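Let me begin by presenting the structure, written as C-alpha cells, before commenting on it.
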Amino acid sequence: MTASPPPRLIDPPVCVWEAGALLGEGTCWSVREQALWWVDILGQRLHRYTPSNDARRTWEFDETISAVAERAGGPGLIVTLQHAFALFDPASGALRRLHAPEPTRPANRFNDGKCDAQGRFWAGTMDFGCAAPSGALYRYRAAAEGAAKAADGFGTCELALDARFPVTNGPTWSRDGRTLYFTDTVHGRIGAYDVDPATGVLSSPRLWLELAEADGRPDGMTTDAAGRIWIAHWGAACVTCHDPVDATELLRVALPASQITNLAFGGPAFDTLFVTSARVDLDAARLREEPLAGGLFAVRTDVRGVAANRFAG
C-alpha cells in the first residue's frame, strides 16, 4: 500500500527551450524571480527561463557549473563550479570562489546539489570520466554571525559522505527532512539515509530503489508537496514518481529525449515540472531521432511541488 494517491498527467510534455544543452542539469525554481535557473554543465553555461514571457538569458563560465541555489542572505546564487563552491551574482557578474574540498582528487568535478531546510548547500562530486569510484557528498554552510572566521572567509565545508560512487546525483529529502535520498547513478541505485536535521549527520544507510536495466540510470531527483520522490532517468526517456517509503512507482512520464537529467517543480502554483536533458555522446543518427535532446521540458500534472530551500548565507 502506498502512502499517497498516484498523481496524474494533465498535459503532454512540451519543450519550452530547444537549448541543445550538452548536459542540462541544476534545475532550481526562483520564487522571487518567477523563473527557472538551470545549467549546461559541459557547455559551461547558466540559464534562466521565465515562463510568463518566454524570456531566456544565459551566462557563460570558464569551467563547468553544475548546481544552483538562491541565497537568502545576499544577492544572487551559490553554485558549484568544477572543483569549488562559489557565489555568483547574475546582476553584476561578480563571482567569488569559496571552498574547494578535493585537492587530492583533481580528476573529479562537482555534479548535482541543492539546499536543505536549514539552508545548507549539499553537493556531490564525481569522476569526470564517470568511471573511477571517487565521488563524495559535501554540505556547505554559511558561518554563523559572530562565529570564528571560516577558512574561505565565508562558510564551512563538511564531508557528509565519502560515497566512492563514480557518479553522484540527487540529493533530495523527505518532507520532514529526516531522510536523505542520494543516487549512485552508474550502478543504478538510490540509497536512503537517516539525517539529523540539526547537524546534517547521516546514518543508517540502506538501499531504497534499484532500477532495472531497461529503466536506464537514476539521475536528478525532487520531492513534491505530498512527499513523493520524482526521478529523472538517464537513457530511458522518462521521469517517474515514487512512494517515499517503499519506492513503488506511481507515475511514468515519457519524454522525447533519452538522456533525462534533472527536474524541479515551479510556476506560480508549483504545478509545472521542469525537466532537463542532454545530447552529449549522441551520434548524428540518434540526434536525428531526438532533435529535442538537450532541451528544457515542462510537464503539467495534478501534483504540487514546494519552494526550493535557499542558502542561508
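Scheme for the C-alpha cells: letters A, B, ... for chains in order shown; per-chain residue numbers from 1; ligand numbers from 1 in order shown.
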Could you build a table of the residues in stretch 155-267 of chain A lying no more than 9 Å from stretch 132-144 of chain A, giving for each the nearest pair of atoms and their separation in Å rounded to one decimal place, using only C-alpha atoms, ordered by chain and ascending residue number, as a Markdown table?
```
| residue | atom | partner | partner_atom | distance |
| --- | --- | --- | --- | --- |
| A:Gly155 | CA | A:Ala142 | CA | 4.1 |
| A:Thr156 | CA | A:Arg141 | CA | 5.4 |
| A:Cys157 | CA | A:Tyr140 | CA | 4.4 |
| A:Glu158 | CA | A:Arg139 | CA | 5.4 |
| A:Leu159 | CA | A:Tyr138 | CA | 4.6 |
| A:Ala160 | CA | A:Tyr138 | CA | 5.0 |
| A:Leu161 | CA | A:Leu137 | CA | 5.0 |
| A:Asp162 | CA | A:Ala136 | CA | 4.4 |
| A:Ala163 | CA | A:Ala136 | CA | 5.0 |
| A:Arg164 | CA | A:Ser134 | CA | 4.4 |
| A:Phe165 | CA | A:Pro133 | CA | 4.8 |
| A:Pro166 | CA | A:Pro133 | CA | 4.3 |
| A:Val167 | CA | A:Gly135 | CA | 6.2 |
| A:Thr168 | CA | A:Gly135 | CA | 6.2 |
| A:Phe182 | CA | A:Leu137 | CA | 9.0 |
| A:Gly200 | CA | A:Arg139 | CA | 8.0 |
```
TODO: Give me the residues within 9 Å of stretch 246-258 of chain A as a PyMOL selection string, counting only C-alpha atoms and dropping any in the same chain fewer than 5 places off.
DONE: chain A and resi 1-3+5-9+12-15+208-209+228-229+233-241+277-279+289-295+297+299
- [ ] Please give the complete set of residues from stretch 74-252 of chain A that DSSP, run on the backbone, assigns to strand (DSSP E), formatted as a VMD selection string.
- [x] chain A and resid 77 to 81 85 to 89 94 to 97 108 to 115 121 to 127 135 to 142 155 to 165 168 to 173 179 to 184 189 to 195 202 to 210 217 to 223 229 to 234 238 to 242 249 to 252
TODO: Write out as an MDAnalysis selection string which residues come within 7 Å of stretch 78-81 of chain A when counting only C-alpha atoms, dropping same-chain ones fewer than 3 positions away.
DONE: chainID A and resid 63:71 84:88 110
- [ ] Might you pull out every residue within 12 Å of A:Asp271, with only C-alpha atoms counted and same-chain residues fewer than 3 positions away left off, and present them as a list in words?
- [x]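 Close residues of A:Asp271: Pro7, Arg8, Leu9, Ile10, Asp11, Trp29, Asp224, Ala225, Ala264, Phe265, Gly266, Gly267, Pro268, Phe274, Ala298, Val299, Arg300, Thr301, Asp302, Val303, Arg304, Gly305, Val306 and Ala307 of chain A.
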- [ ] Check the smallest atom-to-atom distance from each of A:Arg288, A:Arg178, A:His187, A:Arg105 to A:Leu207 using only C-alpha atoms, then report the winner.
- [x]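 Among the listed residues, the smallest separation from A:Leu207 belongs to A:His187.
Distances from A:Asp112, A:Asp152, A:Asp194, A:Glu102 to A:Asn169 were compared using only C-alpha atoms, and the smallest one belongs to A:Asp112.
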TODO: Fewer than 6 positions away in the same chain doesn't count, so skip those; otherwise give me all residues within 7 Å of A:Asn262, counting only C-alpha atoms, as a PyMOL selection string.
DONE: chain A and resi 25-27+219-221+232+275-276
Task: Pick from A:Leu211, A:Val245, A:Val39, A:Ala131 nearest to A:Trp59, counting only C-alpha atoms - done: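 Using only C-alpha atoms, A:Trp59 sits closest to A:Val39.
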TODO: Pick out the closest residue to A:Glu33 from this set: A:Ala100, A:Leu287, A:Ala55, A:Ala94. Count only C-alpha atoms.
DONE: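 Ranking A:Ala100, A:Leu287, A:Ala55, A:Ala94 by distance to A:Glu33, first place goes to A:Ala55.
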- [ ] Extract, using only C-alpha atoms, all DNA, RNA and protein residues at most 9 Å from A:Ser203, discarding same-chain residues fewer than 4 positions from it, and format them as an MDAnalysis selection string.
- [x] chainID A and resid 193:196
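Considering the residues A:Ser204, A:Ser174, A:Ala72, A:Arg217 and counting only C-alpha atoms, A:Phe121 has its shortest atom-to-atom contact with A:Ala72.
Atom CA of A:Ala21 sits 26.5 Å away from atom CA of A:Pro75.
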